[in-house]
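Each remark here refers to the structure printed beneath this line.
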Amino acid sequence: MAGLEKKRLKEDKTRAKNWKRWGPYLSERQWGTVREDYSEDGNCWNHFTHDMSRSRTYRWGEDGLLGITDRQCRLCLALSLWNTKDPILKERLYGLAGNQGNHGEDVKELYYYLDNTPTHSYMKALYKYPQSAFPYSKLEAENARRTVKDPEYELLDTGIFDESRYFDVQVEYCKGGPNDILGRYTITNRGPDKSTIHVLPTLWYRNCWSWGDNCHASVDWKPILQMEENGMVRCEHPTLGEAQQRARLNSMDRYVEEMETYNKRDAENNLFTQHAQNGHDEGIFRMEFGPGPDGSNVPLLFTENETNYQRLYKVKNQARFVKDAFHDYVIKGQRDKVNPKHYGTKCAAHYVLDLDPGQEMTIEVRLYQSAEAPPSGKTFSDEYFETTFQQRKLEADSFYDEVIPNRNKQEREIARQAYAGLLWSKQFYYYVLKEWMHGDDSQPPPPENRKLWGRNKDWKHLFNRDVISMPDKWEYPWYASWDLAFHMIPMSKIDIQFAKSQLVLLLREWYMHPNGQIPAYEFAFDDVNPPVHAYAVLKVYKASGLKGLRDTQFLARCFHKLVLNFTWWINRKDVEGKNIFSGGFLGLDNIGVFDRSKPLPTGGFLAQADATAWMGFFCSIMLEISLILAQKEPIYQDMASKFFEHFIAIIDAMNSVDNVGLWDAEEGFYYDHVRNNYCSQPVKVKSVVGLVPLFCTLVLKDSDFKHHPGFAKRTKWFIENRKDLSKGISFMCRGTNQEGSLLLSVLNKEKLIRILQHLLDENKFLSPYGIRSLSKEHADQPYKLHVGHTCHSVKYEPAESESKLFGGNSNWRGPIWLPMNYLIIENLYRFDYFYGDELKVECPTGSKKYIRLKAVAHELEGRLIKLFKPDADERRPCHGNSDLYSNDPNFKDLCLFYEYFHGDTGRGCGASHQTGWTALIACLLERTSTCGCGETT
């Protein structure tokens, strides 16, 4: 059965069938994003708040509760809920804005991604909905009272889940065909008393008609959802149907040009009916809702996805029916808020479930294109509904049996949920900078000064309208380039085509800046992330097939754009032209003494150990790619020589002893330096900044020289004639082959041993759960730098940050981060491939136990896996001290993949669903052994 999911992937790749047209591409938070911010001060959180979200139409996307949509986010399906006590209808996840949380933005809900397949043929997620009034004001007030030194006040802390007084809302979707979506919502009363819940499966169109002619998503007529006589909902949209159907529909009169003439729809509806009677129905979608608890049809509610101006701005509404109508209908009982004629651009079926303790009920829905319609009257029959679900679940199980082989039950569940979160975190992302800066013809213009100093003003070429892998669809509902690079490593294990397409996408001319910079993230596209894109490209290439059968075209396609990005780094970030780089914050938020994205308070500039090492890493990856491409096109040997020599120059610059290098021989560590015209002062913070040089590791084997004579000749000349630079190369003979292998690394054997003494010291970097981002020695010995009358310091902070430096909820002053640990492990395997039994180190430091480097890597893998595995007391360290997750049978099998983890206890911190790069744990669970050339053995 695994072959059936693989068959769908192949059909989608060849465009035989559009299996990925529908998926979990609906964001979990569109409000508070940069895209929706048209304010003068650029405060996106205040400009579009959670309170506004139920009433105000979005310009650039949509959000919903565990929903799905098509890849252009035209038609959306999600859940709305009401427990009879909440002040608002639960249509989307709630959380604190960046200025409300004591550690930045923070979702305050309990939800879990449980399953998903690459074509989204089967998807499952779980939402836990309290039966008492949701404590919105309590969460806001208590977190506002707390300081950065206090823990965050979470939903479980409010006591609202005591006595299990909540509903489990299990959401499942599967596909009967590319355009046949089956939905099943199973509601279970976990509480001790009978309780009522209102469930509204909600279908709506993204508003692409209110913005004027300059909007690329605009249409000549508004789409429509209309109830038919048999209780079905007819869905007509100009671009969701067949091309032939679109041509017919576009020939109709313009659809409802003015909202004041709303009732004109009665006449126009006859035209749609006429088309259906004439047989022109194959491109139409229909929505069917299953019967209510008593077997009867449930009420269908209709309104418009239009802003409620009266509620928000105290002015007259432009539409009679508005976006928040279902809130007023269900909670306030205002029946006149919905359209009695049963049409609009938003609709819902209204189910009311009275559940006894432990009782569950299931609601079924089905959205399908008419050409894929089930037999009449059979939509929800076991033969055509339940059987399809069971078949897709079995296929999903079979697919993952191959992806996650030979694992014990606990580890399989961890990996399965990690992959599920990775796939659920895909999102439709729409952002056109030129239009966003200019504003829309039918809307008030944005502040004029945003064109001069506004966010991302230098990225006017950027045109993003794609499904993209997000770090987290609530806390980070926008792509981040270095996050995405890491996402694609586990993604390549399950969907190599999507992994390749994502990496290519960020290199396309409507993403990449003309100067070669890759966009960083929505808040500041021109900020600087570590250059890991080339690394991800190489990893995905190697996952694309067996050696000799890999996608070399993909590799070459990326390589040429990556050369542009490399050139941008060289031209923009090497301040002195001496191969010492100053990249900026490099995604490490608050790692340093001061904000590394801003001018230094000391004057001068910061020569960064991590930026320089990242460039060495970039060089080594580009060298390896060049040699791979040179196997078919010898001209790439020249590029290999270029990157080889550049890499050696960086090695020399970092290790120079004439007061310009970054290596501290006394302490055996790499440090940033503050530099000006007079001196170079080390900033002696033992952090992951000084560990990045570990990543610069490449073994060139004999075959690399035999198969590339041009490169071999140039390398030999370089070694013989540039001994001042070639001294950084390690050399080893293998067997009787006197040519031997070359190890290209910033670290020679002596430096490697000294850094590993720090890395494997449990009083410094080595935690029971992986490698910390800052040495624990700084807990008692904070580093201090005095500038004038100001003292700048860095202290070990194992969990949430006590510093507001660079804002937000991220912290790099001690916690464990999966991507950095992953790179450390991978390069330890590479070092071991070169040194073998010749090099053993003490692990942990001071233990008198000496082991090979591959055993060290294996030890680190085990410590990271312990973050998610239940211990002897059934506690997963990532869930902290929660008794609920260790004892409650309805919680204990659930796993959250946090942004980062407490450096001492392993408790999850930051974004609770950053399954993007934390999904790397699924790769570590495979216990791969990586050789020096990056091959998996």
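All residue names refer to the structure tokens as shown: chains lettered A, B, ... in order, residues numbered from 1 in each chain, ligands numbered from 1 in order.
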task: Pick out the residues sitting within 9 Å of Tyr822 of chain A, and hand them over as a PyMOL selection string; count only C-alpha atoms, and ignore anything fewer than 6 positions along from it in its own chain.
output: chain A and resi 861+920-921+924
Keeping only C-alpha atoms, write those residues as a PDB file, in the first residue's frame.
```pdb
ATOM      1  CA  GLU A 861      21.845  11.797  19.025  1.00  0.00           C
ATOM      2  CA  LEU A 920      15.189  17.063  12.155  1.00  0.00           C
ATOM      3  CA  ILE A 921      14.671  14.723  15.113  1.00  0.00           C
ATOM      4  CA  LEU A 924      18.322  11.536  13.913  1.00  0.00           C
TER       5      LEU A 924
END
```
- request: Determine which residues of segment 293-455 of chain A receive a DSSP assignment of helix (DSSP H, G or I), computed from the backbone, and state them as a PyMOL selection string.
  value: chain A and resi 309-313+325-332+335-337+370-372+382-403+409-424+433-438+450-453
Please, could you write that set of residues out with C-alpha atoms as a tab-separated table (two decimals), in the first residue's frame?
```tsv
chain	number	residue	atom	x	y	z
A	309	TYR	CA	-17.09	48.51	9.30
A	310	GLN	CA	-19.87	49.40	11.72
A	311	ARG	CA	-18.40	47.33	14.54
A	312	LEU	CA	-14.77	48.28	13.94
A	313	TYR	CA	-14.97	51.88	12.75
A	325	ALA	CA	-22.38	37.19	11.08
A	326	PHE	CA	-22.09	33.63	12.44
A	327	HIS	CA	-20.75	34.99	15.72
A	328	ASP	CA	-23.84	37.15	16.11
A	329	TYR	CA	-26.15	34.38	14.96
A	330	VAL	CA	-24.84	31.64	17.25
A	331	ILE	CA	-23.86	33.58	20.36
A	332	LYS	CA	-26.28	36.51	20.29
A	335	ARG	CA	-31.07	35.60	13.08
A	336	ASP	CA	-31.19	38.61	10.77
A	337	LYS	CA	-27.40	38.70	10.51
A	370	SER	CA	-18.73	17.73	-9.97
A	371	ALA	CA	-16.56	15.61	-12.27
A	372	GLU	CA	-15.47	13.59	-9.19
A	382	ASP	CA	-19.92	3.42	4.35
A	383	GLU	CA	-19.11	2.17	0.88
A	384	TYR	CA	-18.08	5.62	-0.38
A	385	PHE	CA	-17.05	7.42	2.81
A	386	GLU	CA	-15.86	5.18	5.64
A	387	THR	CA	-14.16	2.77	3.27
A	388	THR	CA	-12.23	5.62	1.66
A	389	PHE	CA	-11.06	6.85	5.05
A	390	GLN	CA	-9.94	3.40	6.16
A	391	GLN	CA	-8.13	2.81	2.88
A	392	ARG	CA	-6.23	6.11	3.10
A	393	LYS	CA	-5.25	5.45	6.72
A	394	LEU	CA	-3.86	2.04	5.79
A	395	GLU	CA	-1.95	3.60	2.90
A	396	ALA	CA	-0.50	6.23	5.24
A	397	ASP	CA	0.60	3.52	7.68
A	398	SER	CA	2.20	1.54	4.90
A	399	PHE	CA	3.99	4.62	3.51
A	400	TYR	CA	5.53	5.46	6.88
A	401	ASP	CA	6.48	1.83	7.51
A	402	GLU	CA	9.01	2.34	4.73
A	403	VAL	CA	10.02	5.86	5.76
A	409	LYS	CA	6.87	1.98	18.95
A	410	GLN	CA	7.71	5.15	20.89
A	411	GLU	CA	10.30	6.32	18.40
A	412	ARG	CA	8.00	5.58	15.46
A	413	GLU	CA	5.28	7.72	17.03
A	414	ILE	CA	7.71	10.59	17.58
A	415	ALA	CA	8.93	10.48	13.99
A	416	ARG	CA	5.38	10.10	12.62
A	417	GLN	CA	4.18	13.18	14.51
A	418	ALA	CA	7.30	15.11	13.49
A	419	TYR	CA	6.59	14.42	9.83
A	420	ALA	CA	2.92	15.28	10.38
A	421	GLY	CA	3.83	18.68	11.81
A	422	LEU	CA	6.24	19.33	8.96
A	423	LEU	CA	3.50	18.65	6.40
A	424	TRP	CA	0.75	20.50	8.29
A	433	LEU	CA	5.77	44.28	-2.19
A	434	LYS	CA	5.07	46.81	-4.91
A	435	GLU	CA	1.32	46.58	-4.39
A	436	TRP	CA	1.65	46.47	-0.61
A	437	MET	CA	3.73	49.66	-0.66
A	438	HIS	CA	1.42	51.44	-3.10
A	450	ARG	CA	6.31	54.02	4.21
A	451	LYS	CA	7.63	54.34	0.66
A	452	LEU	CA	10.69	56.14	2.02
A	453	TRP	CA	11.50	54.24	5.18
```
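If you measure from each of A:Pro514, A:Gly545, A:Pro530, A:Gly728 to Lys573 of chain A using only C-alpha atoms, the closest one turns out to be A:Pro530.
In this model, the gap between atom CA of Leu139 of chain A and atom CA of Gly903 of chain A comes to 26.3 Å.
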field: Long-range neighbours of Ile651 of chain A as a ChimeraX atom specification, 8 Å cut-off, only C-alpha atoms, 3 positions minimum in chain
entry: /A:616,647-648,654-655,728,745-746
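Shortest atom-to-atom contact with Asp595 of chain A among A:Ser803, A:Arg8, A:Glu140, A:Pro87: A:Ser803, counting only C-alpha atoms.
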- request: Tell me which protein, DNA and RNA residues are within 8 Å of segment 347-354 of chain A, counting only C-alpha atoms, leaving out same-chain ones fewer than 2 positions away, and put them as a PyMOL selection string.
  value: chain A and resi 194-204+225+289+292-293+298-303+343-345+356+361
task: Report the residues of segment 156-219 of chain A whose backbone DSSP state falls under strand (DSSP E), written as a ChimeraX atom specification.
output: /A:166-177,180-189,195-205
Write to file, as an mmCIF file, in the first residue's frame, the residues of the selection just made, with C-alpha atoms.
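Final file, part_11.cif:
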```cif
data_model
loop_
_atom_site.group_PDB
_atom_site.id
_atom_site.type_symbol
_atom_site.label_atom_id
_atom_site.label_comp_id
_atom_site.auth_asym_id
_atom_site.auth_seq_id
_atom_site.Cartn_x
_atom_site.Cartn_y
_atom_site.Cartn_z
ATOM 1 C CA TYR A 166 -12.882 19.881 27.737
ATOM 2 C CA PHE A 167 -13.812 18.499 24.341
ATOM 3 C CA ASP A 168 -11.417 16.589 22.148
ATOM 4 C CA VAL A 169 -12.035 17.777 18.598
ATOM 5 C CA GLN A 170 -10.349 15.380 16.205
ATOM 6 C CA VAL A 171 -10.096 16.652 12.634
ATOM 7 C CA GLU A 172 -9.528 14.245 9.750
ATOM 8 C CA TYR A 173 -9.411 14.819 6.006
ATOM 9 C CA CYS A 174 -8.792 12.367 3.207
ATOM 10 C CA LYS A 175 -9.070 12.415 -0.558
ATOM 11 C CA GLY A 176 -11.236 10.273 -2.764
ATOM 12 C CA GLY A 177 -9.610 11.996 -5.740
ATOM 13 C CA ASP A 180 -12.779 15.083 -3.712
ATOM 14 C CA ILE A 181 -12.167 16.052 -0.072
ATOM 15 C CA LEU A 182 -13.765 14.028 2.716
ATOM 16 C CA GLY A 183 -13.845 15.614 6.162
ATOM 17 C CA ARG A 184 -14.644 13.996 9.488
ATOM 18 C CA TYR A 185 -14.843 15.825 12.843
ATOM 19 C CA THR A 186 -15.091 13.611 15.923
ATOM 20 C CA ILE A 187 -16.105 15.459 19.086
ATOM 21 C CA THR A 188 -15.601 13.732 22.459
ATOM 22 C CA ASN A 189 -16.732 15.000 25.851
ATOM 23 C CA SER A 195 -22.021 19.343 27.977
ATOM 24 C CA THR A 196 -23.115 21.125 24.818
ATOM 25 C CA ILE A 197 -20.963 22.229 21.925
ATOM 26 C CA HIS A 198 -21.865 24.052 18.717
ATOM 27 C CA VAL A 199 -19.813 22.857 15.731
ATOM 28 C CA LEU A 200 -19.799 24.825 12.490
ATOM 29 C CA PRO A 201 -17.817 23.375 9.560
ATOM 30 C CA THR A 202 -17.263 26.606 7.658
ATOM 31 C CA LEU A 203 -16.603 27.138 3.955
ATOM 32 C CA TRP A 204 -15.612 30.508 2.507
ATOM 33 C CA TYR A 205 -13.812 32.318 -0.278
#
```
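Shell of Phe463 of chain A at 9 Å, with only C-alpha atoms counted and residues fewer than 3 places along the chain excluded, is A:Tyr430, A:Tyr431, A:Val432, A:Leu433, A:Lys434, A:Lys460, A:Trp510, A:Tyr511.
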- prompt: Looking at only C-alpha atoms, which of A:Asp527, A:Asp472, A:Asp150, A:Asp638 is the one that sits closest to Tyr113 of chain A?
  reply: A:Asp472
message: Excluding Gly61 of chain A and its own-chain neighbours fewer than 2 positions away, which residues fall within 8 Å of it when counting only C-alpha atoms? Please give them as a list in words.
response: Ser27, Gln30, Tyr58, Arg59, Asp63, Cys73, Arg206, Phe428, Tyr429 and Tyr430 of chain A
task: Write out as a PyMOL selection string each polymer residue whose atoms come within 12 Å of His858 of chain A, counting only C-alpha atoms; drop sequence neighbours fewer than 3 positions from it.
output: chain A and resi 770+821-822+824-829+832+843+851-855+861-865+924-930
For the residues selected in the previous step, produce a file with C-alpha atoms as a compact mmCIF listing (two decimals), in the first residue's frame.
```txt
# COMPACT_ATOMS: atom_id res chain seq x y z
CA GLY A 770 22.13 17.97 23.61
CA ASN A 821 23.02 20.13 17.11
CA TYR A 822 22.24 18.39 13.83
CA ILE A 824 27.53 19.29 14.97
CA ILE A 825 26.56 15.62 14.81
CA GLU A 826 26.88 15.40 11.06
CA ASN A 827 30.36 16.93 11.08
CA LEU A 828 31.54 14.69 13.91
CA TYR A 829 30.72 11.79 11.61
CA ASP A 832 35.48 10.35 12.22
CA CYS A 843 33.33 12.02 26.53
CA ILE A 851 35.67 7.09 22.38
CA ARG A 852 35.75 7.64 18.63
CA LEU A 853 34.04 10.68 17.17
CA LYS A 854 31.24 8.62 15.61
CA ALA A 855 30.48 7.32 19.11
CA GLU A 861 21.84 11.80 19.03
CA GLY A 862 20.67 9.79 22.03
CA ARG A 863 20.59 12.85 24.25
CA LEU A 864 18.50 14.80 21.73
CA ILE A 865 16.06 11.91 21.27
CA LEU A 924 18.32 11.54 13.91
CA LEU A 925 15.95 8.73 14.81
CA GLU A 926 17.12 6.90 11.72
CA ARG A 927 20.57 6.54 13.33
CA THR A 928 22.27 7.43 10.06
CA SER A 929 26.02 7.13 9.80
CA THR A 930 27.49 9.85 7.60
```
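Distances here use only C-alpha atoms; by that measure, the residue among A:Met512, A:Leu586, A:Leu662, A:Ile591 closest to Tyr796 of chain A is A:Ile591.
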